[in-house]
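start33.txt follows (compact mmCIF, C-alpha atoms):
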```txt
# COMPACT_ATOMS: atom_id res chain seq x y z
CA MET A 692 -5.49 5.51 -34.48
CA ASP A 693 -2.60 4.69 -36.77
CA LEU A 694 -3.75 1.42 -38.31
CA LYS A 695 -0.22 0.30 -39.06
CA THR A 696 1.23 0.77 -35.59
CA GLY A 697 -1.94 0.51 -33.50
CA LEU A 698 -0.93 3.74 -31.75
CA VAL A 699 -3.51 6.26 -30.60
CA GLY A 700 -3.22 9.72 -29.09
CA SER A 701 -0.62 12.42 -29.44
CA SER A 702 3.07 11.59 -29.61
CA SER A 703 3.56 12.82 -26.04
CA SER A 704 0.97 10.41 -24.61
CA ILE A 705 1.08 7.52 -27.02
CA SER A 706 -1.39 4.81 -26.16
CA ARG A 707 -1.36 1.44 -27.83
CA GLU A 708 -4.29 -0.96 -27.73
CA LEU A 709 -3.44 -4.60 -27.14
CA ASP A 710 -5.13 -7.88 -26.27
CA LEU A 711 -2.45 -8.78 -23.73
CA VAL A 712 0.37 -7.22 -21.72
CA ILE A 713 2.78 -9.61 -20.03
CA ALA A 714 4.69 -7.96 -17.18
CA GLY A 715 7.97 -9.68 -16.30
CA GLY A 716 11.05 -11.20 -17.85
CA GLY A 717 11.65 -14.52 -16.10
CA PRO A 718 10.60 -18.05 -17.06
CA ALA A 719 6.88 -17.47 -16.29
CA ALA A 720 6.73 -14.39 -18.50
CA LEU A 721 8.81 -16.01 -21.24
CA ALA A 722 6.57 -19.09 -21.33
CA ALA A 723 3.49 -16.84 -21.44
CA ALA A 724 5.13 -14.90 -24.30
CA LEU A 725 5.87 -18.09 -26.23
CA TYR A 726 2.30 -19.34 -25.88
CA ALA A 727 0.77 -15.91 -26.58
CA ALA A 728 2.84 -15.63 -29.76
CA ARG A 729 1.83 -19.12 -30.89
CA TYR A 730 -1.85 -18.30 -30.13
CA ASP A 731 -1.35 -15.19 -32.30
CA ILE A 732 -2.50 -12.92 -29.45
CA ASP A 733 -1.66 -9.23 -30.00
CA HIS A 734 0.68 -8.71 -27.05
CA ILE A 735 3.75 -7.06 -25.63
CA VAL A 736 6.14 -8.19 -22.88
CA LEU A 737 7.28 -5.45 -20.51
CA GLU A 738 10.42 -7.18 -19.38
CA SER A 739 12.19 -4.51 -17.37
CA TYR A 740 11.11 -6.06 -14.09
CA GLN A 741 14.07 -8.36 -13.41
CA PRO A 742 14.84 -9.64 -16.92
CA GLY A 743 15.64 -13.32 -16.58
CA GLY A 744 14.08 -13.37 -13.13
CA GLN A 745 15.52 -15.34 -10.23
CA ALA A 746 16.42 -18.12 -12.66
CA ALA A 747 19.10 -15.97 -14.24
CA LEU A 748 20.78 -15.69 -10.84
CA THR A 749 21.02 -19.45 -10.43
CA ALA A 750 24.36 -21.08 -11.12
CA VAL A 751 23.26 -24.56 -12.13
CA ILE A 752 19.80 -25.96 -12.80
CA GLU A 753 19.57 -29.75 -12.55
CA ASN A 754 15.84 -30.28 -12.00
CA TYR A 755 14.30 -29.02 -15.24
CA PRO A 756 12.99 -32.12 -16.99
CA GLY A 757 14.61 -32.78 -20.35
CA ILE A 758 17.77 -30.84 -19.58
CA LYS A 759 20.29 -32.63 -17.36
CA THR A 760 22.22 -29.52 -16.39
CA ILE A 761 22.24 -25.90 -17.57
CA THR A 762 23.11 -22.51 -16.15
CA GLY A 763 20.27 -20.16 -15.18
CA GLY A 764 21.50 -17.54 -17.63
CA ASP A 765 21.50 -20.00 -20.51
CA ILE A 766 18.04 -21.39 -19.86
CA VAL A 767 16.36 -17.97 -19.78
CA ALA A 768 18.34 -16.77 -22.82
CA THR A 769 17.13 -19.85 -24.73
CA MET A 770 13.55 -19.31 -23.55
CA LYS A 771 13.64 -15.72 -24.79
CA GLU A 772 15.16 -16.73 -28.12
CA GLN A 773 12.47 -19.37 -28.55
CA ALA A 774 9.65 -16.92 -27.73
CA GLU A 775 11.10 -14.35 -30.14
CA SER A 776 11.37 -16.94 -32.91
CA TRP A 777 7.57 -17.36 -32.66
CA GLY A 778 7.00 -13.62 -32.80
CA ALA A 779 6.95 -12.57 -29.13
CA VAL A 780 7.35 -8.80 -28.82
CA PHE A 781 9.48 -7.30 -26.02
CA ASP A 782 9.64 -3.75 -24.67
CA MET A 783 12.36 -2.76 -22.23
CA SER A 784 10.21 -0.02 -20.67
CA SER A 785 9.56 -0.02 -16.95
CA LEU A 786 6.00 -0.63 -15.80
CA ILE A 787 4.95 2.25 -13.58
CA SER A 788 1.26 1.56 -12.86
CA ALA A 789 -1.64 -0.69 -13.79
CA ASP A 790 -5.19 0.57 -13.28
CA PRO A 791 -8.68 -0.54 -14.28
CA PHE A 792 -10.10 1.46 -17.20
CA GLY A 793 -13.65 0.25 -17.90
CA ASP A 794 -13.34 -3.40 -18.85
CA ARG A 795 -9.72 -2.85 -19.85
CA ILE A 796 -6.50 -2.16 -18.00
CA GLN A 797 -4.38 0.92 -18.47
CA ILE A 798 -0.69 0.13 -18.17
CA LYS A 799 1.65 3.08 -17.83
CA ALA A 800 5.23 2.37 -18.76
CA ASP A 801 8.00 4.95 -18.83
CA SER A 802 7.88 5.28 -22.61
CA SER A 803 4.23 4.61 -23.46
CA THR A 804 0.78 3.85 -22.18
CA TYR A 805 -0.88 0.59 -23.12
CA MET A 806 -4.60 -0.10 -23.04
CA THR A 807 -4.99 -3.85 -22.79
CA ARG A 808 -7.86 -6.32 -22.58
CA ASN A 809 -5.80 -8.74 -20.46
CA LEU A 810 -2.76 -8.71 -18.22
CA ILE A 811 -0.44 -11.49 -17.06
CA ILE A 812 1.57 -10.51 -13.99
CA ALA A 813 4.83 -12.46 -13.95
CA THR A 814 7.06 -9.90 -12.26
CA GLY A 815 8.65 -12.44 -9.95
CA ALA A 816 10.26 -11.78 -6.61
CA ALA A 817 13.49 -10.15 -5.50
CA PRO A 818 15.69 -11.49 -2.70
CA ALA A 819 14.39 -10.34 0.68
CA LYS A 820 16.64 -8.42 3.03
CA LEU A 821 17.21 -9.53 6.60
CA GLY A 822 17.35 -5.96 7.87
CA VAL A 823 20.35 -6.38 10.17
CA PRO A 824 22.85 -3.58 10.88
CA GLY A 825 25.54 -3.43 8.18
CA GLU A 826 23.47 -5.17 5.51
CA ASP A 827 22.86 -2.08 3.35
CA LYS A 828 26.20 -0.46 4.13
CA PHE A 829 28.19 -3.44 2.88
CA TYR A 830 25.99 -4.46 -0.07
CA GLY A 831 28.44 -4.90 -2.93
CA ARG A 832 31.31 -4.70 -0.44
CA GLY A 833 31.04 -8.23 0.89
CA VAL A 834 27.28 -8.60 1.30
CA SER A 835 25.67 -10.39 -1.64
CA TYR A 836 22.40 -12.03 -2.61
CA CYS A 837 23.85 -13.80 -5.67
CA ALA A 838 26.64 -16.35 -5.37
CA THR A 839 26.46 -16.99 -9.10
CA CYS A 840 27.38 -13.36 -9.71
CA ASP A 841 29.88 -12.79 -6.94
CA ALA A 842 31.52 -16.09 -5.93
CA PRO A 843 34.72 -15.46 -7.96
CA PHE A 844 35.42 -12.38 -5.80
CA PHE A 845 35.71 -14.65 -2.76
CA ARG A 846 38.39 -17.09 -3.89
CA ASP A 847 40.16 -18.57 -0.84
CA ALA A 848 38.03 -16.39 1.44
CA ARG A 849 35.94 -17.26 4.49
CA VAL A 850 32.23 -16.71 3.89
CA LEU A 851 28.95 -16.94 5.75
CA VAL A 852 25.72 -18.12 4.11
CA VAL A 853 22.40 -17.30 5.78
CA GLY A 854 19.37 -19.53 5.09
CA GLY A 855 18.27 -23.14 4.92
CA GLY A 856 16.10 -23.48 1.81
CA ASP A 857 16.94 -24.71 -1.68
CA SER A 858 18.46 -21.39 -2.76
CA ALA A 859 20.73 -21.11 0.30
CA VAL A 860 22.04 -24.66 0.02
CA LYS A 861 22.39 -24.62 -3.77
CA GLU A 862 24.27 -21.33 -3.72
CA ALA A 863 26.41 -22.47 -0.77
CA LEU A 864 27.49 -25.50 -2.80
CA HIS A 865 28.44 -23.22 -5.69
CA LEU A 866 30.36 -20.92 -3.33
CA SER A 867 32.18 -23.84 -1.69
CA GLU A 868 34.05 -24.40 -4.95
CA PHE A 869 35.68 -20.96 -4.61
CA VAL A 870 36.13 -20.26 -0.91
CA SER A 871 38.52 -21.74 1.65
CA GLU A 872 35.85 -22.02 4.35
CA LEU A 873 32.08 -21.70 4.34
CA VAL A 874 29.82 -21.47 7.37
CA LEU A 875 26.07 -21.76 6.84
CA ILE A 876 23.73 -20.62 9.58
CA HIS A 877 20.08 -21.62 9.76
CA ARG A 878 17.51 -20.49 12.30
CA ARG A 879 16.00 -23.98 12.53
CA ASP A 880 17.52 -27.37 13.41
CA LYS A 881 17.07 -28.91 9.96
CA PHE A 882 17.10 -27.81 6.33
CA ARG A 883 14.04 -26.94 4.27
CA ALA A 884 16.12 -27.69 1.16
CA GLU A 885 15.57 -30.91 -0.76
CA PRO A 886 17.40 -33.82 0.93
CA TYR A 887 19.76 -34.42 -2.01
CA LEU A 888 21.10 -30.85 -1.75
CA ALA A 889 21.21 -30.93 2.05
CA GLN A 890 23.21 -34.16 2.06
CA LYS A 891 25.62 -32.76 -0.50
CA LEU A 892 26.28 -29.71 1.68
CA LEU A 893 26.69 -31.76 4.85
CA SER A 894 29.38 -33.82 3.15
CA CYS A 895 31.17 -30.82 1.60
CA GLY A 896 34.77 -30.73 2.87
CA ASN A 897 35.12 -26.98 3.52
CA CYS A 898 31.55 -26.36 4.77
CA SER A 899 30.09 -26.34 8.26
CA VAL A 900 26.56 -25.69 9.52
CA LEU A 901 25.49 -23.86 12.67
CA TRP A 902 21.89 -24.79 13.53
CA ASN A 903 19.44 -22.61 15.48
CA THR A 904 21.64 -19.63 14.72
CA THR A 905 20.76 -16.19 13.36
CA LEU A 906 22.70 -13.19 12.12
CA LYS A 907 22.61 -10.20 14.45
CA GLU A 908 25.04 -7.73 12.88
CA ILE A 909 27.58 -7.39 10.09
CA LYS A 910 30.89 -5.85 11.09
CA GLY A 911 33.49 -4.09 8.97
CA ASP A 912 35.08 -0.86 7.88
CA GLU A 913 35.45 -0.48 4.10
CA GLY A 914 34.03 -3.96 3.55
CA VAL A 915 32.76 -6.99 5.47
CA GLU A 916 35.16 -8.21 8.13
CA GLY A 917 32.94 -10.33 10.35
CA ALA A 918 29.56 -11.00 11.87
CA VAL A 919 27.87 -11.24 15.22
CA LEU A 920 25.78 -14.41 15.47
CA ASN A 921 23.08 -15.40 17.93
CA THR A 922 23.79 -19.06 18.71
CA PRO A 923 22.13 -21.41 21.24
CA GLU A 924 25.24 -20.87 23.41
CA GLY A 925 24.91 -17.08 23.21
CA GLU A 926 26.34 -14.27 21.13
CA ARG A 927 29.43 -15.13 19.08
CA GLU A 928 31.58 -12.92 16.83
CA MET A 929 33.27 -14.59 13.85
CA LYS A 930 35.51 -13.31 11.04
CA PHE A 931 34.18 -13.42 7.46
CA ASP A 932 35.15 -11.81 4.17
CA GLY A 933 31.71 -12.18 2.65
CA ILE A 934 28.10 -12.80 3.65
CA PHE A 935 25.53 -14.30 1.29
CA MET A 936 21.85 -13.96 2.20
CA TYR A 937 19.02 -16.32 1.17
CA VAL A 938 16.22 -15.50 3.58
CA GLY A 939 13.19 -15.50 1.31
CA ARG A 940 11.85 -13.37 -1.49
CA LYS A 941 9.83 -10.19 -1.82
CA PRO A 942 7.19 -10.35 -4.59
CA ALA A 943 7.23 -7.46 -7.08
CA THR A 944 3.55 -6.57 -6.87
CA GLU A 945 3.50 -2.90 -5.82
CA PRO A 946 2.19 -1.51 -9.15
CA PHE A 947 -0.77 -3.92 -9.03
CA SER A 948 -2.15 -3.15 -5.57
CA ASN A 949 -5.06 -1.09 -7.03
CA LEU A 950 -5.91 -3.74 -9.52
CA ILE A 951 -6.16 -7.09 -7.77
CA GLU A 952 -6.23 -8.65 -4.32
CA LEU A 953 -2.85 -9.29 -2.76
CA ASN A 954 -2.02 -11.42 0.27
CA ASP A 955 -0.48 -9.91 3.40
CA ASN A 956 2.97 -11.05 2.27
CA GLY A 957 2.54 -9.19 -1.02
CA THR A 958 1.98 -12.22 -3.27
CA VAL A 959 -0.91 -12.23 -5.73
CA ARG A 960 -3.97 -14.03 -4.32
CA THR A 961 -4.76 -16.72 -6.89
CA HIS A 962 -7.41 -19.38 -7.45
CA ASN A 963 -7.28 -22.15 -10.03
CA ILE A 964 -3.50 -21.59 -10.14
CA VAL A 965 -3.27 -18.48 -12.35
CA HIS A 966 -6.61 -16.67 -11.89
CA THR A 967 -6.78 -13.52 -9.74
CA SER A 968 -9.59 -11.43 -8.22
CA ARG A 969 -10.08 -9.78 -11.64
CA GLU A 970 -11.31 -11.87 -14.55
CA ASN A 971 -8.88 -10.48 -17.13
CA VAL A 972 -5.78 -10.41 -14.91
CA PHE A 973 -3.67 -13.54 -14.43
CA ALA A 974 -0.56 -14.23 -12.39
CA ALA A 975 2.28 -16.67 -13.01
CA GLY A 976 5.46 -17.80 -11.30
CA ASP A 977 7.11 -16.54 -8.11
CA VAL A 978 4.75 -13.58 -7.80
CA THR A 979 1.82 -15.88 -6.92
CA ASP A 980 0.88 -17.57 -3.66
CA ASN A 981 1.37 -21.04 -5.13
CA ASP A 982 3.49 -23.16 -2.82
CA LEU A 983 6.11 -24.59 -5.18
CA ARG A 984 8.34 -21.92 -6.74
CA GLN A 985 10.46 -23.58 -9.36
CA ILE A 986 11.27 -22.90 -13.02
CA VAL A 987 9.16 -25.88 -14.01
CA THR A 988 6.10 -24.51 -12.18
CA ALA A 989 6.72 -20.96 -13.42
CA VAL A 990 6.67 -22.01 -17.08
CA SER A 991 3.58 -24.10 -16.42
CA ASP A 992 1.85 -21.04 -14.90
CA GLY A 993 2.91 -18.89 -17.87
CA ALA A 994 1.49 -21.37 -20.37
CA ARG A 995 -1.79 -21.73 -18.41
CA ALA A 996 -2.17 -17.95 -18.13
CA ALA A 997 -1.66 -17.40 -21.88
CA SER A 998 -4.07 -20.21 -22.61
CA ALA A 999 -6.68 -18.64 -20.29
CA VAL A 1000 -6.27 -15.31 -22.12
CA PHE A 1001 -6.74 -17.07 -25.44
CA ASP A 1002 -9.99 -18.62 -24.16
CA LEU A 1003 -11.25 -15.22 -22.95
CA LEU A 1004 -10.54 -13.65 -26.33
CA GLN A 1005 -12.62 -16.26 -28.22
CA MET B 827 26.36 7.30 -27.62
CA ALA B 828 27.61 3.75 -27.30
CA VAL B 829 29.17 2.31 -24.18
CA LYS B 830 32.97 2.32 -24.59
CA HIS B 831 35.01 -0.68 -23.46
CA ILE B 832 38.02 0.27 -21.32
CA LYS B 833 40.78 -1.48 -19.37
CA GLY B 834 42.01 -0.78 -15.85
CA ASN B 835 44.71 1.67 -16.88
CA GLU B 836 42.11 3.84 -18.65
CA ILE B 837 39.79 4.34 -15.65
CA GLU B 838 41.42 7.51 -14.40
CA GLY B 839 41.22 9.17 -17.79
CA ALA B 840 37.64 8.04 -18.34
CA ALA B 841 36.57 9.26 -14.89
CA SER B 842 37.77 12.79 -15.50
CA ALA B 843 37.78 13.13 -19.29
CA THR B 844 34.97 15.66 -19.67
CA GLU B 845 32.69 18.01 -17.78
CA LYS B 846 30.01 15.32 -17.99
CA LEU B 847 29.51 12.56 -15.44
CA SER B 848 31.25 9.25 -16.18
CA LEU B 849 29.68 5.89 -15.41
CA ILE B 850 31.94 2.84 -15.35
CA ASP B 851 30.17 -0.52 -15.42
CA PHE B 852 32.32 -3.21 -13.76
CA SER B 853 30.92 -6.51 -15.02
CA ALA B 854 31.82 -10.03 -16.08
CA ALA B 855 30.99 -12.38 -18.93
CA TRP B 856 29.80 -15.11 -16.53
CA CYS B 857 27.32 -12.88 -14.68
CA GLY B 858 23.63 -13.10 -15.70
CA PRO B 859 22.52 -9.67 -14.42
CA CYS B 860 25.52 -8.08 -16.19
CA LYS B 861 24.28 -9.48 -19.49
CA MET B 862 20.82 -8.09 -18.78
CA LEU B 863 22.27 -4.71 -17.92
CA THR B 864 24.10 -4.37 -21.25
CA PRO B 865 21.04 -3.41 -23.38
CA VAL B 866 19.83 -1.10 -20.57
CA LEU B 867 23.15 0.77 -20.59
CA ASP B 868 23.01 1.02 -24.39
CA LYS B 869 19.56 2.66 -24.18
CA VAL B 870 20.37 4.96 -21.26
CA SER B 871 23.64 6.05 -22.90
CA ASP B 872 21.53 7.25 -25.84
CA ASP B 873 18.99 8.92 -23.54
CA LEU B 874 21.61 10.80 -21.49
CA ASP B 875 24.26 11.40 -24.12
CA ASP B 876 24.57 15.07 -23.12
CA LYS B 877 25.01 14.35 -19.40
CA VAL B 878 26.89 11.09 -18.91
CA SER B 879 29.72 9.20 -20.65
CA PHE B 880 29.39 5.42 -20.36
CA TYR B 881 32.22 2.89 -20.03
CA HIS B 882 32.38 -0.86 -19.55
CA LEU B 883 35.18 -2.73 -17.79
CA ASP B 884 35.57 -6.53 -17.64
CA VAL B 885 36.63 -7.48 -14.10
CA ASP B 886 38.43 -10.61 -15.34
CA GLU B 887 40.40 -8.58 -17.88
CA SER B 888 41.35 -5.94 -15.26
CA PRO B 889 41.47 -7.72 -11.87
CA ASP B 890 43.81 -5.16 -10.29
CA ALA B 891 41.42 -2.32 -11.06
CA SER B 892 38.49 -4.25 -9.58
CA SER B 893 40.48 -4.83 -6.44
CA LYS B 894 41.60 -1.17 -6.28
CA PHE B 895 37.96 -0.01 -6.43
CA GLY B 896 36.81 -2.61 -3.89
CA ILE B 897 34.54 -4.42 -6.33
CA ARG B 898 33.11 -7.52 -4.62
CA GLY B 899 30.02 -8.01 -6.71
CA VAL B 900 28.94 -7.51 -10.28
CA PRO B 901 27.50 -5.60 -11.92
CA THR B 902 28.77 -2.57 -10.00
CA MET B 903 28.37 0.85 -11.61
CA ILE B 904 30.51 3.67 -10.27
CA VAL B 905 29.63 7.24 -11.22
CA PHE B 906 32.44 9.81 -11.30
CA HIS B 907 32.43 13.57 -11.64
CA LYS B 908 35.76 15.21 -12.44
CA GLY B 909 37.58 12.12 -11.25
CA GLU B 910 35.79 11.81 -7.93
CA GLU B 911 33.43 8.91 -7.09
CA ILE B 912 29.98 10.36 -6.39
CA ASP B 913 27.78 7.25 -6.47
CA ARG B 914 27.95 3.47 -6.60
CA MET B 915 25.15 1.13 -7.68
CA VAL B 916 25.36 -2.62 -7.18
CA GLY B 917 23.15 -5.04 -9.11
CA PHE B 918 20.76 -4.74 -12.02
CA ARG B 919 18.84 -1.50 -12.58
CA ASP B 920 16.06 -1.13 -15.12
CA ARG B 921 16.07 1.69 -17.64
CA ASN B 922 13.75 3.96 -15.69
CA ALA B 923 15.56 3.51 -12.36
CA LEU B 924 19.01 4.04 -13.85
CA GLN B 925 17.91 7.03 -15.90
CA THR B 926 16.22 8.68 -12.89
CA GLN B 927 19.23 8.16 -10.64
CA LEU B 928 21.68 9.50 -13.21
CA LYS B 929 19.46 12.50 -14.02
CA ASN B 930 19.30 13.39 -10.33
CA LEU B 931 23.07 13.10 -10.02
CA ALA B 932 23.58 15.21 -13.16
CA ASP B 933 21.15 17.87 -11.86
CA SER B 934 23.08 18.11 -8.60
CA LYS B 935 26.56 18.15 -10.16
CA LEU B 936 26.33 19.74 -13.61
CA VAL B 937 25.70 23.46 -14.02
```

Written form, structure tokens:
Amino acid sequence: MDLKTGLVGSSSSISRELDLVIAGGGPAALAAALYAARYDIDHIVLESYQPGGQAALTAVIENYPGIKTITGGDIVATMKEQAESWGAVFDMSSLISADPFGDRIQIKADSSTYMTRNLIIATGAAPAKLGVPGEDKFYGRGVSYCATCDAPFFRDARVLVVGGGDSAVKEALHLSEFVSELVLIHRRDKFRAEPYLAQKLLSCGNCSVLWNTTLKEIKGDEGVEGAVLNTPEGEREMKFDGIFMYVGRKPATEPFSNLIELNDNGTVRTHNIVHTSRENVFAAGDVTDNDLRQIVTAVSDGARAASAVFDLLQ
Amino acid sequence: MAVKHIKGNEIEGAASATEKLSLIDFSAAWCGPCKMLTPVLDKVSDDLDDKVSFYHLDVDESPDASSKFGIRGVPTMIVFHKGEEIDRMVGFRDRNALQTQLKNLADSKLV
């Protein structure tokens, strides 16, 4: 082993020994990185899985205590800067697999292999697809999962938003500032979003809500031109220039299926908030089965996970 | 090789400048995933210097070009070969995914 770099093996199969690998790049991973650096744990953050996480796709964050209002991009950029200032180490490599190797874990990334005593999984979740005809065909041509990224392309347009949770309503409110008309459809008869957001949407001048309604098909030629909706009164075709989907999230846990127990929906099965079925593997943020998925809970998970690793290393 | 910044009127030239593939990244300063993609493109442009030329276009600086290419979301990366669009990727890609996709395209198009 090269004592200076900690690298072992030949140059073609470099393996580095570490006390901790943090997989992910969103708030949970960044908080874990900050705490790991401050605990002086020998670590690396494999951030290629969704750098910035879902938070970076959020237009405005108003419920992070201590900060009245901030954009998602700014809050994660500041978190990363803060972690780096304490010595957090980042690697842009993609995590390919994670397998048990004795009492350690072998992490294969595209550029190197890491042998680590502990792992924090904070790979987050990607927007789920609805799976309706036209969804894939028109992705980037009118179908979007990120109003923060794409709203300016729909100035004075007529758009459809699908979903009824916090993300759907928050992003619909952001979109409403750009579009001429916004229709939100929700499969239930009331919002799951927090009442403050729901009320704001219901009083938005250019927004309307269709309850108990689902999306059946997206129509168009080169781009989105309309949608077929299933309403309580029957099938209805409406014209839209864009369709924004917020129908849940798919946890990024595929590389870890050989390592720890996952739930049927793909989330990491946790106990005591961040502990998994393996003693030296922890999970934090949206990738877990914890019920509240917010930035404030993600950073709490990240801090707890790093602290648990510190305790194990003593 | 670094990613070269271009404007709308330079797209045609960039798309057909060499025998290599050309990737044009349509992005915006206000877009989070675009910011995250920037260091990835820097790395991949070094990795695939012999196969792909990399360009960046700001959709706010060149709105007509974005409209001409039907851009309705950012980041959108369009890959050209000899001036013809051969692939389009919407959203963030990590280094491995982008490199693999571009290598496959290069293998199928470059002799």

Per residue of region 851-937 of chain B within 12 Å of region 810-829 of chain A, which atom pair is closest and at what distance in Å (one decimal), using all atoms listed in the file, listed by chain and increasing number, as CSV?
```
residue,atom,partner,partner_atom,distance
B:Gly896,CA,A:Phe829,CA,11.0
B:Ile897,CA,A:Phe829,CA,11.2
B:Arg898,CA,A:Phe829,CA,9.9
B:Gly899,CA,A:Phe829,CA,10.8
B:Arg914,CA,A:Lys828,CA,11.6
B:Met915,CA,A:Asp827,CA,11.7
B:Val916,CA,A:Phe829,CA,10.5
B:Gly917,CA,A:Ala817,CA,11.5
B:Phe918,CA,A:Ala817,CA,11.2
```

Return as CSV the residues of chain A lying at most 8 Å from chain B, together with the closest atom-to-atom pair for each and the distance in Å to one decimal, counting only C-alpha atoms, with rows in chain order and ascending residue number.
```
residue,atom,partner,partner_atom,distance
A:Ser739,CA,B:Asp920,CA,5.6
A:Tyr740,CA,B:Asp920,CA,7.1
A:Gln741,CA,B:Asp920,CA,7.7
A:Pro742,CA,B:Met862,CA,6.5
A:Gly743,CA,B:Met862,CA,7.7
A:Ala747,CA,B:Gly858,CA,5.6
A:Leu748,CA,B:Gly858,CA,6.2
A:Gly763,CA,B:Gly858,CA,7.8
A:Gly764,CA,B:Gly858,CA,5.3
A:Met783,CA,B:Arg921,CA,7.4
A:Ser784,CA,B:Arg921,CA,6.8
A:Ser785,CA,B:Asn922,CA,5.9
A:Asp801,CA,B:Asn922,CA,6.6
A:Tyr830,CA,B:Val916,CA,7.4
A:Gly831,CA,B:Gly899,CA,5.1
A:Arg832,CA,B:Arg898,CA,5.4
A:Gly833,CA,B:Arg898,CA,5.9
A:Ser835,CA,B:Gly899,CA,7.1
A:Thr839,CA,B:Cys857,CA,7.0
A:Cys840,CA,B:Cys857,CA,5.0
A:Asp841,CA,B:Gly899,CA,4.8
A:Phe844,CA,B:Arg898,CA,5.5
A:Phe845,CA,B:Arg898,CA,7.8
```

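Put simply, CA of Asp851 (chain B) is 8.8 Å away from CA of Val905 (chain B).
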
Exercise for the section: Rank B:Ile912, B:Leu883, B:Ala891, B:Val878 by their smallest atom-to-atom distance to Lys846 (chain B), using all atoms listed in the file, and report the top residue only. Expected result: B:Val878

Handout entry: Among the residues A:Glu913, A:Gly715, A:Phe935, A:Lys941, the one that comes closest to Phe895 (chain B) [using only C-alpha atoms]
Key = A:Glu913

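If you count only C-alpha atoms and ignore residues fewer than 6 places along the chain from Glu838 (chain B), what sits within 12 Å of it is Ile832, Thr844, Ser848, Leu849, Ile850, Tyr881, Ala891, Lys894, Phe895, Phe906, His907, Lys908, Gly909, Glu910 and Glu911 of chain B.
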
Handout entry: Gap from CA of Leu711 (chain A) to CA of His734 (chain A) - Å, one decimal
Key = 4.6 Å

Practice task
Just the residues within 12 Å of Val852 (chain A), please, counting only C-alpha atoms, with nothing from its chain fewer than 2 positions along; format it as an MDAnalysis selection string.
Solution key: chainID A and resid 833:838 842 849:850 854:856 858:867 870 872:878 892 898:901 904:906 918 920 931:938

Practice task
Would you mind telling me which residue in A:Leu737, A:Ala719, A:Leu851, A:Ile798 lies nearest to Thr988 (chain A) when using all atoms listed in the file?
Solution key: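 The shortest atom-to-atom distance to Thr988 (chain A) comes from A:Ala719.
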
Problem - A:Gly717, A:Gly976, A:Pro946, A:Gly925 ranked by distance to Lys771 (chain A), top pick (using all atoms listed in the file) - result: A:Gly717
